[in-house]
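Participant: So that we are looking at the same thing, I have put the structure below in structure tokens.
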Amino acid sequence: MERFPFDHAEVVAVAEAACGRALRLREVTSRRGAVVWDVTGPEGRVAVKVGSGDGEAAVSREAAVLQELDVPDHLVASGRGTDNSWLVTRWFEGPSTWDAFARFRESGTGRTEGIETAAELCEAVATTLHDRGWVHGDLHPDHGIHTSGGVRLIDLAWTWREGLRPPPVTGVGIDHFVPPELALRGAGDLPLAGGAAADVYTLAATVWTCATGCRPLDYAAAGITPERLTSDQLRARIAAGRIPLRTEEPWPELQSVLRQVLLSGPHDRPSARDLAHSLIRLAS
Ligand SMILES: Nc1ncnc2c1ncn2[C@@H]1O[C@H](COP(=O)(O)OP(=O)(O)OP(=O)(O)O)[C@@H](O)[C@H]1O
Ligand SMILES: [Mg+2]
């Protein structure tokens, strides 16, 4: 068996209990102090996420969220090592939202499937989180996995509800996907309804990106080169709210629905479920 490169006895025991012995490990990502492995055995498959250094607090926060949120068949176990925190979740089989739109991006076909994909992502955010008083806080094209049993939302390190707020810092979420009203604030400074409205903006930006292959804001038109700015500088420009949306229109009907969301203030945005319904109407 390959070895996890950290103090691993407890994690291996958990993974073996879930997957059987003779585990196979594949490192999926390693960034910002968190490493994710795809772990497979004869009886199952799990995701193992270990945070150390800067990533330790985020992974232990995600474990606390998963325990509180208690989504069926999601968290297997979590704990702390000497200098890390870890969590083991079920492995969700299926394409990410980004992958699910590959056919449309590459050939312009598969619109019905694309709309269903987008709508089921929005509906999952409504059902799993917003209906229950939770906010995701870090939605993006890789954080929805479209399984045969529905969409599973992953990477819940910044997910919160009243009483279990994210740290009141900016920098949560991807700069390009934060709504103007959140760009200069910490997600924890928002009221719950404001957090849900921010998720809806990010959902629209996510679907736009998956469908068009480009993030929605037209930085060039605003004279901005994001790569030359720090995150704080870019967020200050986003907060000012004067960056237009990109004008390429590979899918005008879909982009028209998303554009309305992206140009709305937080109080005028639809709910995630209403957005799902507007998307589904495009298919009929
Ligand atoms: N339970 C799971 N099932 C399937 N794939 C998963 C699962 N957990 C993680 N992954 C894969 O690993 C990737 C990284 O996981 P995750 O987003 O939780 O980690 P991260 O290090 O916090 O990433 P980010 O850079 O977005 O903060 C995901 O985009 C996905 O491809
Ligand atoms: Mg992630």
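By convention in this document, the chains of the structure tokens carry letters A, B, ... by their order, each chain's residues are numbered from 1, and ligands are numbered from 1 in the order they are shown.
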Would you list the residues that come within 8 Å of ligand 1? Count only C-alpha atoms and all ligand atoms and give the answer as a PyMOL selection string.
Facilitator: chain A and resi 28-38+46-49+59+74+89-94+96+138+142-143+145+154-157
Participant: Taking the DSSP assignment computed from this structure's backbone, write out as a VMD selection string all residues of stretch 41-251 of chain A that belong to helix (DSSP H, G or I).
Facilitator: chain A and resid 54 to 69 97 to 100 102 to 107 111 to 132 175 to 177 180 to 183 187 to 189 192 to 212 220 to 222 226 to 228 231 to 240
Participant: What is the distance, in Å and to one decimal place, between atom CA of A:Gly241 and atom CA of A:Ala183?
Facilitator: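 Computed distance, atom CA of A:Gly241 to atom CA of A:Ala183, equals 9.7 Å.
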Participant: Could you pull the residues within 12 Å of A:Ser78, counting only C-alpha atoms, minus those fewer than 3 positions along the same chain, as a PyMOL selection string?
Facilitator: chain A and resi 10-15+47-51+59-67+74-75+81+84-89
Participant: Separation of atom CA of A:Trp98 and atom CA of A:Leu234, in Å?
Facilitator: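 Value for the atom CA of A:Trp98-atom CA of A:Leu234 distance: 23.8 Å.
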Participant: Leaving out A:Val172 and any residue of its chain fewer than 6 positions from it, which residues lie within 9 Å of it when counting only C-alpha atoms, given as number ranges by chain?
Facilitator: A: 137-138, 158, 166, 178, 186-187
